[in-house]
2 protein chains.
Amino acid sequence: MSSSGKATVGATVVTVGDELLLGQTVDTNAAWLGRELASRGVRVLRRWTVADDTQEIRSAVAAATRDADLVVVTGGLGPTPDDMTRDVVAELLGLPLIEDHDVLDRIRARYHEAGMGKPPESTRRLAQVPKGARKLTNPHGTAPGLAMEAEGGALVVLLPGIPRELRGIFLGDLDALLSHRFGSRLPPVHLHLVHTTGIPESRLAQRVAEKLPDGAAPASLAFLPDVRGVDLRFTMHGLSEADAEDHVRVLEDTLREVLEPWRFEAGSGDLAEAVAAALRMRGKLLAVAESCTGGLVMKRLTDVPGASDVLVGGVVAYANEVKAGVLGVDAVVLAREGAVSEAVARGMALEVAHSLHADAGIGVTGVAGPGGGTDAKPVGTVWYAAALDGRSVTKMERFPGDRESVRERAGQAALFLLLRLLDGRISPDD
Amino acid sequence: MSSSGKATVGATVVTVGDELLLGQTVDTNAAWLGRELASRGVRVLRRWTVADDTQEIRSAVAAATRDADLVVVTGGLGPTPDDMTRDVVAELLGLPLIEDHDVLDRIRARYHEAGMGKPPESTRRLAQVPKGARKLTNPHGTAPGLAMEAEGGALVVLLPGIPRELRGIFLGDLDALLSHRFGSRLPPVHLHLVHTTGIPESRLAQRVAEKLPDGAAPASLAFLPDVRGVDLRFTMHGLSEADAEDHVRVLEDTLREVLEPWRFEAGSGDLAEAVAAALRMRGKLLAVAESCTGGLVMKRLTDVPGASDVLVGGVVAYANEVKAGVLGVDAVVLAREGAVSEAVARGMALEVAHSLHADAGIGVTGVAGPGGGTDAKPVGTVWYAAALDGRSVTKMERFPGDRESVRERAGQAALFLLLRLLDGRISPDD
């Protein structure tokens, strides 16, 4: 396992807290630590979450020190009785606890500055430092981080569970300690993300594999699917900036044809950001008319900061009267073809753009379920349209899954249709 | 350790995925599983997150089966080469993989329904089932969950990492399997949830503590805060149905006065469900006009199945032209008082209800940020209004946090204002 080989630095993260196991708190520290460590070339081998229990903490940390170079333990450094990490780890490493006067003074000062008077007796526990441990300054709190050597040579680091304090210590003293301690062994890591939508993971993986047989890639590839699409993540270890860029170029050339119909560019990974950027670049204004997605498309667009530059607004036409009344969709067409039809989707996209004085329009109408399905138009049937400068393109799909899934997929498909119309990947069909 | 003693059922959760260790995905499954298992009386002893690595998965699952009664493994069941959980666990438990024709048929059917034609070859992996494993139906996907016996007698359960699929399997077949398998050893756990919004956790906790001093409660109390509000969860262990109900009555009597201004009832915990129910009960139709929330309020309402009975639709008036044009908000008022003002919020709520022939209306206008703030109207300033039968109530708040937080809080506040207007907790101010 690479943690024992000294090529790379292997880390185990131990997060402590009943509230994590009970699911009362989502462990965002673990994700943050993972990103920060990975971006420094530290390989996170595994993450253990354990209860506020002496025995559980001890066995986790003991096991971690056996095969990791770096053990990061978060949580359980506070002043309350269920904060036992400091004591357990000090005892495990055979280091006596000594009251640290600098820390005590620091605590007194902070209480004084905050006008809270004399610190409660319980805060004395925060000043207990294992003999020989290195204190890591906590810019946002009273309990310092602690760094100690384990017998096998692993570096054991204790950090408070409060995210702001953990991050402050990591980005300050710990960062310096890590590069001083492991610098020569920390390979640069380069990630290359490609966002796709509209193609199932299995089919995408198959097409990629045809171009990029196993092992042929100069980088390890992972597929990250969710209901909105599939991201490809290429990871490259130990390359120079230049070599990594070369590899990315090769990958992009190899896969261009396969990915072109499905990909989009967005720093946040959100297609709505790509649509907003495309509208801004072309100086186009957008209006949206939604039925089954009921505001989802506009909500996603307005999640993007600065959306007001490109989105004038829109209409949620849930009742047919609104489709006819506000949107002016031809009532005869509505009656003849039904609300879920090509004509209505197109009408919604064109009319909303026209009546709100926008250049571009989106129209979505469908059967999200659970009710409302028919043999001709079962649950999941969605007609959606994108309009640009008075011309439009319309599509129909049967989306799988429950109501939420159908709505998510329909909104994503409508946004992607507009994006492709904006960047010329497809042309209007009328 | 309680997992070996047969008194309680001890579980270890193993989540698999490089993206979890790299922090590209926050492990929400682990938190959700923790809550669901705890609420059924299963004690989650520890949680391990490991890489997409044969060796790592094998050693984690092997160690878990040694001292847990239940081992839940999530992730790595997909069709791509980096999905290896199924193969590793089958090999570890000495069970040969057999292609399951029911699963194959199900996959073909789903592809056919979705109009995606023949499933790619890679999906065959999803149909590989360890000999003798029990299949757990996946209502939202193709890969079934799998349940197997380990040598020591532990129950090993494999679930897909996609949250909707994992939850669907858990709440269906797995739930039944757990009570059948461990029923006698699962202490009855009764939960009583109270949903509140509009009051900070610290203040709520303080008021509750005044009525319910520590230990006085016949149940353990947890506060579960998020950006939309604070839930109170009372947990009662080992009580009969009748005793639990008595305890709940006592709790409700004790806290009625404290909670009344802030609480709402919704099975899903979503305020939008409570609003839809209140509208339905009173036979009222709703229309919504949103500016800074940009569709969020309507999106939440239409997330509720059957929303079409009570929501006719609405308008997202992002640009002032739309506020004036479509909504007919007085342009003079807009110019004089600005888009973020009491008059505009009230006008939006009344006008949208009027023009869409609805009984009730919601209007929200504010500065979500990051830009757009002024000294008079800093980021977070939101005016919102609720209208019913031509009369309205309007409020202004300065919401803390970033853009997303301001939007979430504003949408929640507007929905809660309408709910209280509907159920008579407040009266119109004009």
# chains A, B, ... in the order shown; residues from 1 in each chain; ligands from 1

call {"tool": "closest_atom_pairs", "arguments": {"of": "chain B", "to": "chain A", "cutoff": "6 Å", "atoms": "only C-alpha atoms", "output": "CSV"}}
result
residue,atom,partner,partner_atom,distance
B:Leu21,CA,A:Gly34,CA,5.4
B:Leu22,CA,A:Gly34,CA,4.6
B:Gly23,CA,A:Ala31,CA,3.8
B:Val26,CA,A:Ala31,CA,5.7
B:Ala31,CA,A:Gly23,CA,3.7
B:Trp32,CA,A:Gly23,CA,5.9
B:Gly34,CA,A:Leu22,CA,4.6
B:Arg35,CA,A:Gly23,CA,5.0
B:Arg46,CA,A:Val50,CA,4.8
B:Arg47,CA,A:Thr49,CA,4.9
B:Trp48,CA,A:Trp48,CA,4.6
B:Thr49,CA,A:Arg47,CA,4.9
B:Val50,CA,A:Arg46,CA,4.7
B:Ala114,CA,A:Arg398,CA,5.4
B:His140,CA,A:Gly401,CA,5.6
B:Gly294,CA,A:Lys299,CA,5.2
B:Gly295,CA,A:Gly295,CA,4.5
B:Leu296,CA,A:Lys299,CA,5.1
B:Met298,CA,A:Gly295,CA,5.4
B:Lys299,CA,A:Gly295,CA,4.6
B:Thr302,CA,A:Gly294,CA,5.6
B:Val312,CA,A:Ala319,CA,4.8
B:Gly313,CA,A:Tyr318,CA,4.8
B:Gly314,CA,A:Val316,CA,5.0
B:Val315,CA,A:Val315,CA,4.5
B:Val316,CA,A:Gly313,CA,4.9
B:Ala317,CA,A:Gly313,CA,5.0
B:Tyr318,CA,A:Gly313,CA,4.8
B:Ala319,CA,A:Val312,CA,4.8

call {"tool": "calpha_fit_rmsd", "arguments": {"fixed": "chain A", "moving": "chain B"}}
result
4.9 Å

call {"tool": "atom_distance", "arguments": {"atom1": "CA of Ser184 (chain A)", "atom2": "CA of Leu155 (chain A)"}}
result
15.6 Å

call {"tool": "residues_around", "arguments": {"residues": "Gly238 (chain B)", "least_positions_apart": "3", "cutoff": "10 Å", "atoms": "only C-alpha atoms", "output": "ChimeraX atom specification"}}
result
/B:41,186-190,241,243-244

call {"tool": "select_by_dssp", "arguments": {"residues": "region 121-287 of chain B", "states": "helix (DSSP H, G or I)", "output": "count of residues only"}}
result
72

call {"tool": "select_by_dssp", "arguments": {"residues": "region 181-393 of chain B", "states": "strand (DSSP E or B)", "output": "number ranges by chain"}}
result
B: 189-196, 220-226, 229-237, 263-264, 286-290, 311-317, 360-366, 381-388, 391-393

call {"tool": "atom_distance", "arguments": {"atom1": "CA of Glu151 (chain A)", "atom2": "CA of Arg185 (chain A)"}}
result
20.1 Å

call {"tool": "atom_distance", "arguments": {"atom1": "CA of Asp82 (chain B)", "atom2": "CA of Leu212 (chain A)"}}
result
14.7 Å

call {"tool": "residues_around", "arguments": {"residues": "Leu422 (chain B)", "least_positions_apart": "2", "cutoff": "10 Å", "atoms": "only C-alpha atoms", "output": "VMD selection string"}}
result
chain B and resid 275 278 to 279 281 to 282 284 360 386 to 388 416 to 420 424 to 427

call {"tool": "write_last_selection", "arguments": {"atoms": "C-alpha atoms", "output": "mmCIF file, in the first residue's frame"}}
result
data_model
loop_
_atom_site.group_PDB
_atom_site.id
_atom_site.type_symbol
_atom_site.label_atom_id
_atom_site.label_comp_id
_atom_site.auth_asym_id
_atom_site.auth_seq_id
_atom_site.Cartn_x
_atom_site.Cartn_y
_atom_site.Cartn_z
ATOM 1 C CA VAL B 275 -48.633 25.785 2.806
ATOM 2 C CA ALA B 278 -53.464 24.865 4.175
ATOM 3 C CA LEU B 279 -54.460 26.205 0.751
ATOM 4 C CA MET B 281 -58.036 22.778 3.145
ATOM 5 C CA ARG B 282 -59.374 26.288 2.615
ATOM 6 C CA LYS B 284 -57.768 28.711 -2.008
ATOM 7 C CA ALA B 360 -53.786 34.184 -2.446
ATOM 8 C CA ALA B 386 -48.606 37.602 1.510
ATOM 9 C CA ALA B 387 -52.059 38.414 0.153
ATOM 10 C CA LEU B 388 -55.385 36.673 0.773
ATOM 11 C CA PHE B 416 -44.380 31.129 6.573
ATOM 12 C CA LEU B 417 -46.036 34.549 6.347
ATOM 13 C CA LEU B 418 -48.696 33.142 4.002
ATOM 14 C CA LEU B 419 -49.202 30.071 6.204
ATOM 15 C CA ARG B 420 -49.821 32.230 9.264
ATOM 16 C CA GLY B 424 -55.255 33.113 11.254
ATOM 17 C CA ARG B 425 -52.122 33.422 13.383
ATOM 18 C CA ILE B 426 -51.690 36.909 11.923
ATOM 19 C CA SER B 427 -54.132 39.299 10.277
#

call {"tool": "closest_residue", "arguments": {"among": "B:Gly283, B:Leu191, B:Leu93, B:Pro261", "to": "Leu239 (chain B)", "atoms": "only C-alpha atoms"}}
result
B:Leu191

call {"tool": "closest_residue", "arguments": {"among": "A:Leu97, A:Ala277, A:Ala358, A:Ala272", "to": "Ala413 (chain A)", "atoms": "only C-alpha atoms"}}
result
A:Ala272
